Amino acid sequence: MTWRPVPATLDQQADAEPISRARVRLRSGGELTLREVTVRSDSVIGLAESPRERRALPRADVASIDRRQLSVGRTAGLAVGAAAVTVIVAYGMALGELGKSINAVPAPRVP
């Protein structure tokens with residue numbers, strides 16, 4: 001997951017659907033992580049994570065809003081990396097077992 005800027009201006013976001021998880025950057029330099037963020041004509045409203053309480057910020061104090069989104073490239077890279085590690089480990093285990101059987105002494109034959 002990664003933070004991506006919400007593409008519209010604050011004016012265009014007013015009365016749009018709520019953002020499930022957002023990072024609100026303030027003009028003062030601070031930032032808040034909120035859930036169920038709604039942009040109104042005069043404020044940005046959401047639920048703080050801890051303690052879980054409603055927060056309303058004047059729109060004039062908000063510099064930008066970022067949305068938490070899935071990063072397709074990073075997720076694909078993680079899946080390919082995990083698959084490569086799995087193949088390397090499996091190959092190493094197979095070679096280890098093969099080495100044991102090559103060096104094994106055959107069992108004596110019973111007449």
# chains A, B, ... in the order shown; residues from 1 in each chain; ligands from 1
>>> residues_around(residues="Pro18 in chain A", least_positions_apart="5", cutoff="12 Å", atoms="only C-alpha atoms", output="ChimeraX atom specification")
/A:6,13,34-40,44-47,67
>>> write_last_selection(atoms="C-alpha atoms", output="mmCIF file, in the first residue's frame")
data_model
loop_
_atom_site.group_PDB
_atom_site.id
_atom_site.type_symbol
_atom_site.label_atom_id
_atom_site.label_comp_id
_atom_site.auth_asym_id
_atom_site.auth_seq_id
_atom_site.Cartn_x
_atom_site.Cartn_y
_atom_site.Cartn_z
ATOM 1 C CA VAL A 6 -6.194 12.681 -4.414
ATOM 2 C CA GLN A 13 -13.782 16.832 -3.755
ATOM 3 C CA LEU A 34 -8.080 9.746 9.216
ATOM 4 C CA ARG A 35 -10.682 7.182 8.178
ATOM 5 C CA GLU A 36 -13.953 7.784 6.300
ATOM 6 C CA VAL A 37 -12.855 11.264 5.227
ATOM 7 C CA THR A 38 -15.499 13.522 3.731
ATOM 8 C CA VAL A 39 -14.749 16.901 2.164
ATOM 9 C CA ARG A 40 -17.442 19.535 2.690
ATOM 10 C CA VAL A 44 -12.680 18.141 6.033
ATOM 11 C CA ILE A 45 -14.257 15.581 8.387
ATOM 12 C CA GLY A 46 -13.000 12.137 9.378
ATOM 13 C CA LEU A 47 -12.394 9.700 12.209
ATOM 14 C CA ARG A 67 -5.401 8.377 -0.329
#
>>> closest_residue(among="A:Ala48, A:Leu57, A:Ala90, A:Val62", to="Arg27 in chain A", atoms="only C-alpha atoms")
A:Val62
>>> select_by_dssp(residues="range 51-105 of chain A", states="strand (DSSP E or B)", output="PDB file with N, CA and C atoms, in the first residue's frame")
ATOM      1  N   ARG A  54     -14.261  11.753  16.148  1.00  0.00           N
ATOM      2  CA  ARG A  54     -14.543  12.559  14.957  1.00  0.00           C
ATOM      3  C   ARG A  54     -13.670  13.800  14.979  1.00  0.00           C
ATOM      4  N   ARG A  55     -13.070  14.102  13.833  1.00  0.00           N
ATOM      5  CA  ARG A  55     -12.256  15.308  13.690  1.00  0.00           C
ATOM      6  C   ARG A  55     -12.796  16.126  12.527  1.00  0.00           C
ATOM      7  N   ALA A  56     -12.922  17.408  12.716  1.00  0.00           N
ATOM      8  CA  ALA A  56     -13.337  18.318  11.649  1.00  0.00           C
ATOM      9  C   ALA A  56     -12.287  19.423  11.560  1.00  0.00           C
ATOM     10  N   LEU A  57     -11.776  19.627  10.349  1.00  0.00           N
ATOM     11  CA  LEU A  57     -10.740  20.627  10.128  1.00  0.00           C
ATOM     12  C   LEU A  57     -11.264  21.672   9.140  1.00  0.00           C
ATOM     13  N   PRO A  58     -11.001  22.942   9.397  1.00  0.00           N
ATOM     14  CA  PRO A  58     -11.393  23.955   8.413  1.00  0.00           C
ATOM     15  C   PRO A  58     -10.650  23.701   7.094  1.00  0.00           C
ATOM     16  N   VAL A  62      -6.224  22.942   5.379  1.00  0.00           N
ATOM     17  CA  VAL A  62      -5.798  21.711   4.718  1.00  0.00           C
ATOM     18  C   VAL A  62      -5.026  22.045   3.440  1.00  0.00           C
ATOM     19  N   ALA A  63      -3.783  21.537   3.354  1.00  0.00           N
ATOM     20  CA  ALA A  63      -2.959  21.763   2.158  1.00  0.00           C
ATOM     21  C   ALA A  63      -3.259  20.712   1.094  1.00  0.00           C
ATOM     22  N   SER A  64      -3.357  19.433   1.508  1.00  0.00           N
ATOM     23  CA  SER A  64      -3.627  18.361   0.542  1.00  0.00           C
ATOM     24  C   SER A  64      -4.153  17.127   1.263  1.00  0.00           C
ATOM     25  N   ILE A  65      -4.706  16.217   0.462  1.00  0.00           N
ATOM     26  CA  ILE A  65      -5.210  14.948   0.982  1.00  0.00           C
ATOM     27  C   ILE A  65      -4.623  13.829   0.131  1.00  0.00           C
ATOM     28  N   ASP A  66      -4.049  12.834   0.795  1.00  0.00           N
ATOM     29  CA  ASP A  66      -3.517  11.653   0.115  1.00  0.00           C
ATOM     30  C   ASP A  66      -4.373  10.454   0.475  1.00  0.00           C
ATOM     31  N   ARG A  67      -4.569   9.572  -0.500  1.00  0.00           N
ATOM     32  CA  ARG A  67      -5.401   8.377  -0.329  1.00  0.00           C
ATOM     33  C   ARG A  67      -4.492   7.152  -0.251  1.00  0.00           C
ATOM     34  N   ARG A  68      -4.822   6.201   0.595  1.00  0.00           N
ATOM     35  CA  ARG A  68      -4.062   4.946   0.703  1.00  0.00           C
ATOM     36  C   ARG A  68      -4.543   4.015  -0.406  1.00  0.00           C
ATOM     37  N   GLN A  69      -3.625   3.595  -1.305  1.00  0.00           N
ATOM     38  CA  GLN A  69      -4.001   2.744  -2.433  1.00  0.00           C
ATOM     39  C   GLN A  69      -3.010   1.600  -2.595  1.00  0.00           C
TER      40      GLN A  69
END
>>> closest_residue(among="A:Val24, A:Glu17, A:Tyr91, A:Gly96", to="Arg59 in chain A", atoms="only C-alpha atoms")
A:Val24
